[in-house]
Structures are given as C-alpha cells and as structure tokens.
Amino acid sequence: MTKNTIYIGLCCCLLSCGAKEEIKQEKIDWYGKEVTVSAYNSVSWQTQGDPNIAAWGDTLKPGMKVVAVSRDLLALGIKHNSMMIIESLPDTFYVKDKMNRRWRNRIDIYMGKDVKKAREWGRQKRFICYALPKDSITQTEKP
C-alpha cells in the first residue's frame, strides 16, 4: 500500500466521519499529493492588486478556509472552489486563489491579516487530498 493510498483513504474517512459540510461522496473522487504548504495574507506587499480580491474575483475575509494553488496543480483538475484537505489540519479548505506562475507544487493557506501566524507556519511539506467531480460518462446511474 502506497503513502498516497493511505492518505486518500484517511481523507475519505475524515470527510465521511467528521466533515461539517454535507458532501455527496458518490459524485466526487478524492486524489492525494504531497506539496509544499506555506501561508499568505491580505496585505498589499504579498499580492498583486487589491489584497482582498482573489484571482477568480472572490472577496477574501479573515477566517475563511481558503487556499491558493500553484498554477501547475490546475493541470490535475483542481479548479476554483475545489475542496481540499491538508494533512493534520481539521478543516476543509476551498480553492479560491491562484499563486504567481513562478511557484510549482505548492499551496498557500489564507491567514487573513495575521502576518505573524503566517510566518510561524512557515513552509512545510504536507499531504493534501483534493476532490474532483467523477467523470459522468463512466459513472453508472443508480436506480
């Protein structure tokens, strides 16, 4: 059994046992990947343009469970509003932002205006699980 298989199973278990959101598991598949996880804030010197507006136009507010993804991860099928679980963190996060093109295999956790908290987080290798819609062509209908 690979590390990916273990973490994907763990993510599915966490979602079915402890997630706050109502998720229709039969309509999504979970995938896993190890990435570098850092943090960012709504401050002008960390962003381009308005620090409260994400790349897809969402307004960011402190306390939101949001991540920004490096653009290479978009090729995996991760997109705006994709659900994501980060190893050892209890919450489900949503993809609302994209990182600068220079970053690869990386996500940023949104930490509002708390720069100190973001610096304390630093940069860590973590396993993430992300949800993608099942392919409707290969999915069989249940009666």
# chains A, B, ... in the order shown; residues from 1 in each chain; ligands from 1
call {"tool": "residues_around", "arguments": {"residues": "segment 101-112 of chain A", "least_positions_apart": "4", "cutoff": "6 Å", "atoms": "only C-alpha atoms", "output": "PDB file with all heavy atoms, in the first residue's frame"}}
result
ATOM      1  N   VAL A  35       2.724  18.251  -1.275  1.00  0.00           N
ATOM      2  CA  VAL A  35       3.060  19.581  -1.778  1.00  0.00           C
ATOM      3  C   VAL A  35       3.764  20.380  -0.677  1.00  0.00           C
ATOM      4  O   VAL A  35       3.768  19.984   0.484  1.00  0.00           O
ATOM      5  CB  VAL A  35       1.804  20.354  -2.241  1.00  0.00           C
ATOM      6  CG1 VAL A  35       1.114  19.665  -3.396  1.00  0.00           C
ATOM      7  CG2 VAL A  35       0.839  20.580  -1.089  1.00  0.00           C
ATOM      8  N   THR A  36       4.317  21.494  -1.064  1.00  0.00           N
ATOM      9  CA  THR A  36       4.838  22.455  -0.091  1.00  0.00           C
ATOM     10  C   THR A  36       3.682  23.384   0.278  1.00  0.00           C
ATOM     11  O   THR A  36       2.997  23.904  -0.602  1.00  0.00           O
ATOM     12  CB  THR A  36       6.002  23.264  -0.692  1.00  0.00           C
ATOM     13  OG1 THR A  36       7.044  22.360  -1.048  1.00  0.00           O
ATOM     14  CG2 THR A  36       6.527  24.288   0.305  1.00  0.00           C
ATOM     15  N   VAL A  37       3.467  23.549   1.574  1.00  0.00           N
ATOM     16  CA  VAL A  37       2.368  24.391   2.056  1.00  0.00           C
ATOM     17  C   VAL A  37       2.964  25.586   2.800  1.00  0.00           C
ATOM     18  O   VAL A  37       3.717  25.420   3.748  1.00  0.00           O
ATOM     19  CB  VAL A  37       1.424  23.599   2.995  1.00  0.00           C
ATOM     20  CG1 VAL A  37       0.267  24.481   3.442  1.00  0.00           C
ATOM     21  CG2 VAL A  37       0.916  22.331   2.320  1.00  0.00           C
ATOM     22  N   SER A  38       2.620  26.765   2.331  1.00  0.00           N
ATOM     23  CA  SER A  38       3.014  27.996   3.005  1.00  0.00           C
ATOM     24  C   SER A  38       1.738  28.780   3.310  1.00  0.00           C
ATOM     25  O   SER A  38       0.645  28.243   3.192  1.00  0.00           O
ATOM     26  CB  SER A  38       3.994  28.799   2.124  1.00  0.00           C
ATOM     27  OG  SER A  38       3.474  28.963   0.814  1.00  0.00           O
ATOM     28  N   ALA A  39       1.862  30.023   3.696  1.00  0.00           N
ATOM     29  CA  ALA A  39       0.691  30.821   4.071  1.00  0.00           C
ATOM     30  C   ALA A  39       0.807  32.207   3.465  1.00  0.00           C
ATOM     31  O   ALA A  39       1.897  32.679   3.157  1.00  0.00           O
ATOM     32  CB  ALA A  39       0.587  30.908   5.588  1.00  0.00           C
ATOM     33  N   TYR A  40      -0.361  32.851   3.298  1.00  0.00           N
ATOM     34  CA  TYR A  40      -0.360  34.219   2.804  1.00  0.00           C
ATOM     35  C   TYR A  40      -1.433  35.033   3.494  1.00  0.00           C
ATOM     36  O   TYR A  40      -2.294  34.495   4.178  1.00  0.00           O
ATOM     37  CB  TYR A  40      -0.497  34.260   1.281  1.00  0.00           C
ATOM     38  CG  TYR A  40      -1.882  34.004   0.722  1.00  0.00           C
ATOM     39  CD1 TYR A  40      -2.589  35.015   0.095  1.00  0.00           C
ATOM     40  CD2 TYR A  40      -2.467  32.744   0.775  1.00  0.00           C
ATOM     41  CE1 TYR A  40      -3.844  34.789  -0.450  1.00  0.00           C
ATOM     42  CE2 TYR A  40      -3.711  32.509   0.220  1.00  0.00           C
ATOM     43  CZ  TYR A  40      -4.399  33.539  -0.392  1.00  0.00           C
ATOM     44  OH  TYR A  40      -5.636  33.305  -0.931  1.00  0.00           O
ATOM     45  N   ASN A  41      -1.332  36.359   3.299  1.00  0.00           N
ATOM     46  CA  ASN A  41      -2.217  37.296   3.992  1.00  0.00           C
ATOM     47  C   ASN A  41      -2.808  38.311   3.023  1.00  0.00           C
ATOM     48  O   ASN A  41      -2.307  38.491   1.921  1.00  0.00           O
ATOM     49  CB  ASN A  41      -1.437  38.061   5.067  1.00  0.00           C
ATOM     50  CG  ASN A  41      -0.717  37.153   6.003  1.00  0.00           C
ATOM     51  OD1 ASN A  41       0.491  36.953   5.882  1.00  0.00           O
ATOM     52  ND2 ASN A  41      -1.423  36.571   6.946  1.00  0.00           N
ATOM     53  N   SER A  42      -3.846  39.006   3.489  1.00  0.00           N
ATOM     54  CA  SER A  42      -4.456  40.105   2.728  1.00  0.00           C
ATOM     55  C   SER A  42      -3.705  41.393   3.033  1.00  0.00           C
ATOM     56  O   SER A  42      -4.214  42.283   3.715  1.00  0.00           O
ATOM     57  CB  SER A  42      -5.930  40.266   3.114  1.00  0.00           C
ATOM     58  OG  SER A  42      -6.688  39.204   2.630  1.00  0.00           O
ATOM     59  N   PRO A  62     -10.911  37.608   6.597  1.00  0.00           N
ATOM     60  CA  PRO A  62     -10.254  36.812   7.630  1.00  0.00           C
ATOM     61  C   PRO A  62     -11.196  35.751   8.196  1.00  0.00           C
ATOM     62  O   PRO A  62     -12.393  35.990   8.379  1.00  0.00           O
ATOM     63  CB  PRO A  62      -9.883  37.855   8.686  1.00  0.00           C
ATOM     64  CG  PRO A  62      -9.678  39.111   7.885  1.00  0.00           C
ATOM     65  CD  PRO A  62     -10.756  39.051   6.818  1.00  0.00           C
ATOM     66  N   VAL A  66      -9.555  29.084   3.029  1.00  0.00           N
ATOM     67  CA  VAL A  66      -9.235  29.275   1.620  1.00  0.00           C
ATOM     68  C   VAL A  66      -7.776  28.923   1.373  1.00  0.00           C
ATOM     69  O   VAL A  66      -6.918  29.155   2.230  1.00  0.00           O
ATOM     70  CB  VAL A  66      -9.492  30.749   1.226  1.00  0.00           C
ATOM     71  CG1 VAL A  66      -8.940  31.086  -0.137  1.00  0.00           C
ATOM     72  CG2 VAL A  66     -10.975  31.063   1.302  1.00  0.00           C
ATOM     73  N   VAL A  67      -7.505  28.395   0.182  1.00  0.00           N
ATOM     74  CA  VAL A  67      -6.126  28.188  -0.247  1.00  0.00           C
ATOM     75  C   VAL A  67      -5.935  28.772  -1.640  1.00  0.00           C
ATOM     76  O   VAL A  67      -6.883  28.888  -2.417  1.00  0.00           O
ATOM     77  CB  VAL A  67      -5.709  26.696  -0.260  1.00  0.00           C
ATOM     78  CG1 VAL A  67      -5.706  26.106   1.133  1.00  0.00           C
ATOM     79  CG2 VAL A  67      -6.560  25.880  -1.197  1.00  0.00           C
ATOM     80  N   ALA A  68      -4.696  29.128  -1.914  1.00  0.00           N
ATOM     81  CA  ALA A  68      -4.262  29.480  -3.259  1.00  0.00           C
ATOM     82  C   ALA A  68      -3.409  28.313  -3.745  1.00  0.00           C
ATOM     83  O   ALA A  68      -2.686  27.696  -2.959  1.00  0.00           O
ATOM     84  CB  ALA A  68      -3.439  30.763  -3.234  1.00  0.00           C
ATOM     85  N   VAL A  69      -3.516  27.989  -5.015  1.00  0.00           N
ATOM     86  CA  VAL A  69      -2.756  26.862  -5.562  1.00  0.00           C
ATOM     87  C   VAL A  69      -1.791  27.351  -6.631  1.00  0.00           C
ATOM     88  O   VAL A  69      -2.073  28.311  -7.347  1.00  0.00           O
ATOM     89  CB  VAL A  69      -3.687  25.771  -6.155  1.00  0.00           C
ATOM     90  CG1 VAL A  69      -4.551  25.156  -5.081  1.00  0.00           C
ATOM     91  CG2 VAL A  69      -4.531  26.304  -7.287  1.00  0.00           C
ATOM     92  N   SER A  70      -0.653  26.668  -6.738  1.00  0.00           N
ATOM     93  CA  SER A  70       0.261  26.976  -7.829  1.00  0.00           C
ATOM     94  C   SER A  70      -0.407  26.528  -9.126  1.00  0.00           C
ATOM     95  O   SER A  70      -1.196  25.575  -9.156  1.00  0.00           O
ATOM     96  CB  SER A  70       1.615  26.302  -7.624  1.00  0.00           C
ATOM     97  OG  SER A  70       1.492  24.906  -7.516  1.00  0.00           O
TER      98      SER A  70
END
call {"tool": "residues_around", "arguments": {"residues": "Ser88 of chain A", "least_positions_apart": "5", "cutoff": "10 Å", "atoms": "only C-alpha atoms", "output": "VMD selection string"}}
result
chain A and resid 126 to 128
call {"tool": "write_last_selection", "arguments": {"atoms": "all heavy atoms", "output": "PDB file, in the first residue's frame"}}
result
ATOM      1  N   ARG A 126       3.435  18.846   3.203  1.00  0.00           N
ATOM      2  CA  ARG A 126       2.224  18.202   3.698  1.00  0.00           C
ATOM      3  C   ARG A 126       1.558  17.443   2.570  1.00  0.00           C
ATOM      4  O   ARG A 126       1.713  17.766   1.403  1.00  0.00           O
ATOM      5  CB  ARG A 126       1.219  19.233   4.243  1.00  0.00           C
ATOM      6  CG  ARG A 126       1.656  19.969   5.474  1.00  0.00           C
ATOM      7  CD  ARG A 126       1.574  19.052   6.696  1.00  0.00           C
ATOM      8  NE  ARG A 126       2.129  19.680   7.864  1.00  0.00           N
ATOM      9  CZ  ARG A 126       1.418  20.213   8.839  1.00  0.00           C
ATOM     10  NH1 ARG A 126       0.115  20.218   8.791  1.00  0.00           N
ATOM     11  NH2 ARG A 126       2.030  20.743   9.875  1.00  0.00           N
ATOM     12  N   PHE A 127       0.783  16.467   2.964  1.00  0.00           N
ATOM     13  CA  PHE A 127      -0.003  15.723   2.003  1.00  0.00           C
ATOM     14  C   PHE A 127      -1.377  16.385   1.940  1.00  0.00           C
ATOM     15  O   PHE A 127      -1.960  16.705   2.972  1.00  0.00           O
ATOM     16  CB  PHE A 127      -0.133  14.261   2.424  1.00  0.00           C
ATOM     17  CG  PHE A 127      -0.476  13.362   1.286  1.00  0.00           C
ATOM     18  CD1 PHE A 127       0.504  12.846   0.469  1.00  0.00           C
ATOM     19  CD2 PHE A 127      -1.796  13.051   1.017  1.00  0.00           C
ATOM     20  CE1 PHE A 127       0.188  12.022  -0.598  1.00  0.00           C
ATOM     21  CE2 PHE A 127      -2.124  12.237  -0.041  1.00  0.00           C
ATOM     22  CZ  PHE A 127      -1.134  11.720  -0.849  1.00  0.00           C
ATOM     23  N   ILE A 128      -1.863  16.620   0.721  1.00  0.00           N
ATOM     24  CA  ILE A 128      -3.199  17.174   0.548  1.00  0.00           C
ATOM     25  C   ILE A 128      -4.086  16.151  -0.146  1.00  0.00           C
ATOM     26  O   ILE A 128      -3.602  15.292  -0.877  1.00  0.00           O
ATOM     27  CB  ILE A 128      -3.186  18.485  -0.272  1.00  0.00           C
ATOM     28  CG1 ILE A 128      -2.627  18.240  -1.685  1.00  0.00           C
ATOM     29  CG2 ILE A 128      -2.426  19.573   0.464  1.00  0.00           C
ATOM     30  CD1 ILE A 128      -2.842  19.388  -2.650  1.00  0.00           C
TER      31      ILE A 128
END
call {"tool": "select_by_dssp", "arguments": {"residues": "segment 9-143 of chain A", "states": "strand (DSSP E)", "output": "MDAnalysis selection string"}}
result
chainID A and resid 28:40 66:69 83:86 92:98 106:110 124:133
call {"tool": "atom_distance", "arguments": {"atom1": "atom CA of Cys129 of chain A", "atom2": "atom CA of Ser44 of chain A"}}
result
29.8 Å
call {"tool": "residues_around", "arguments": {"residues": "Trp56 of chain A", "least_positions_apart": "5", "cutoff": "10 Å", "atoms": "only C-alpha atoms", "output": "ChimeraX atom specification"}}
result
/A:79-81,95-98
call {"tool": "write_last_selection", "arguments": {"atoms": "N, CA, C and O atoms", "output": "CSV table (one decimal), in the first residue's frame"}}
result
chain,number,residue,atom,x,y,z
A,79,LYS,N,-9.6,23.2,-9.5
A,79,LYS,CA,-10.1,24.5,-10.1
A,79,LYS,C,-10.7,25.3,-9.0
A,79,LYS,O,-10.7,24.9,-7.8
A,80,HIS,N,-11.3,26.4,-9.4
A,80,HIS,CA,-12.0,27.3,-8.5
A,80,HIS,C,-13.0,26.6,-7.7
A,80,HIS,O,-13.8,25.8,-8.2
A,81,ASN,N,-13.0,26.8,-6.3
A,81,ASN,CA,-14.0,26.1,-5.4
A,81,ASN,C,-13.7,24.6,-5.2
A,81,ASN,O,-14.6,24.0,-4.5
A,95,VAL,N,-10.5,26.1,-2.8
A,95,VAL,CA,-9.5,26.8,-3.7
A,95,VAL,C,-10.2,28.1,-4.2
A,95,VAL,O,-11.2,28.0,-4.9
A,96,LYS,N,-9.7,29.2,-3.8
A,96,LYS,CA,-10.3,30.5,-4.2
A,96,LYS,C,-9.2,31.4,-4.9
A,96,LYS,O,-9.6,32.5,-5.4
A,97,ASP,N,-8.0,31.0,-4.9
A,97,ASP,CA,-6.9,31.9,-5.4
A,97,ASP,C,-5.9,31.1,-6.1
A,97,ASP,O,-5.7,29.9,-5.9
A,98,LYS,N,-5.1,31.8,-7.0
A,98,LYS,CA,-4.0,31.1,-7.7
A,98,LYS,C,-2.8,31.9,-7.4
A,98,LYS,O,-2.8,33.1,-7.1
call {"tool": "closest_residue", "arguments": {"among": "A:Ile85, A:Ala75, A:Val43, A:Asp58", "to": "Asp114 of chain A", "atoms": "only C-alpha atoms"}}
result
A:Val43
call {"tool": "atom_distance", "arguments": {"atom1": "atom CA of Arg71 of chain A", "atom2": "atom CA of Ala55 of chain A"}}
result
11.3 Å
call {"tool": "residues_around", "arguments": {"residues": "Asp29 of chain A", "least_positions_apart": "6", "cutoff": "8 Å", "atoms": "only C-alpha atoms", "output": "PyMOL selection string"}}
result
chain A and resi 131-134
call {"tool": "closest_residue", "arguments": {"among": "A:Lys27, A:Asn52, A:Gln46, A:Gly63", "to": "Met99 of chain A", "atoms": "only C-alpha atoms"}}
result
A:Gln46
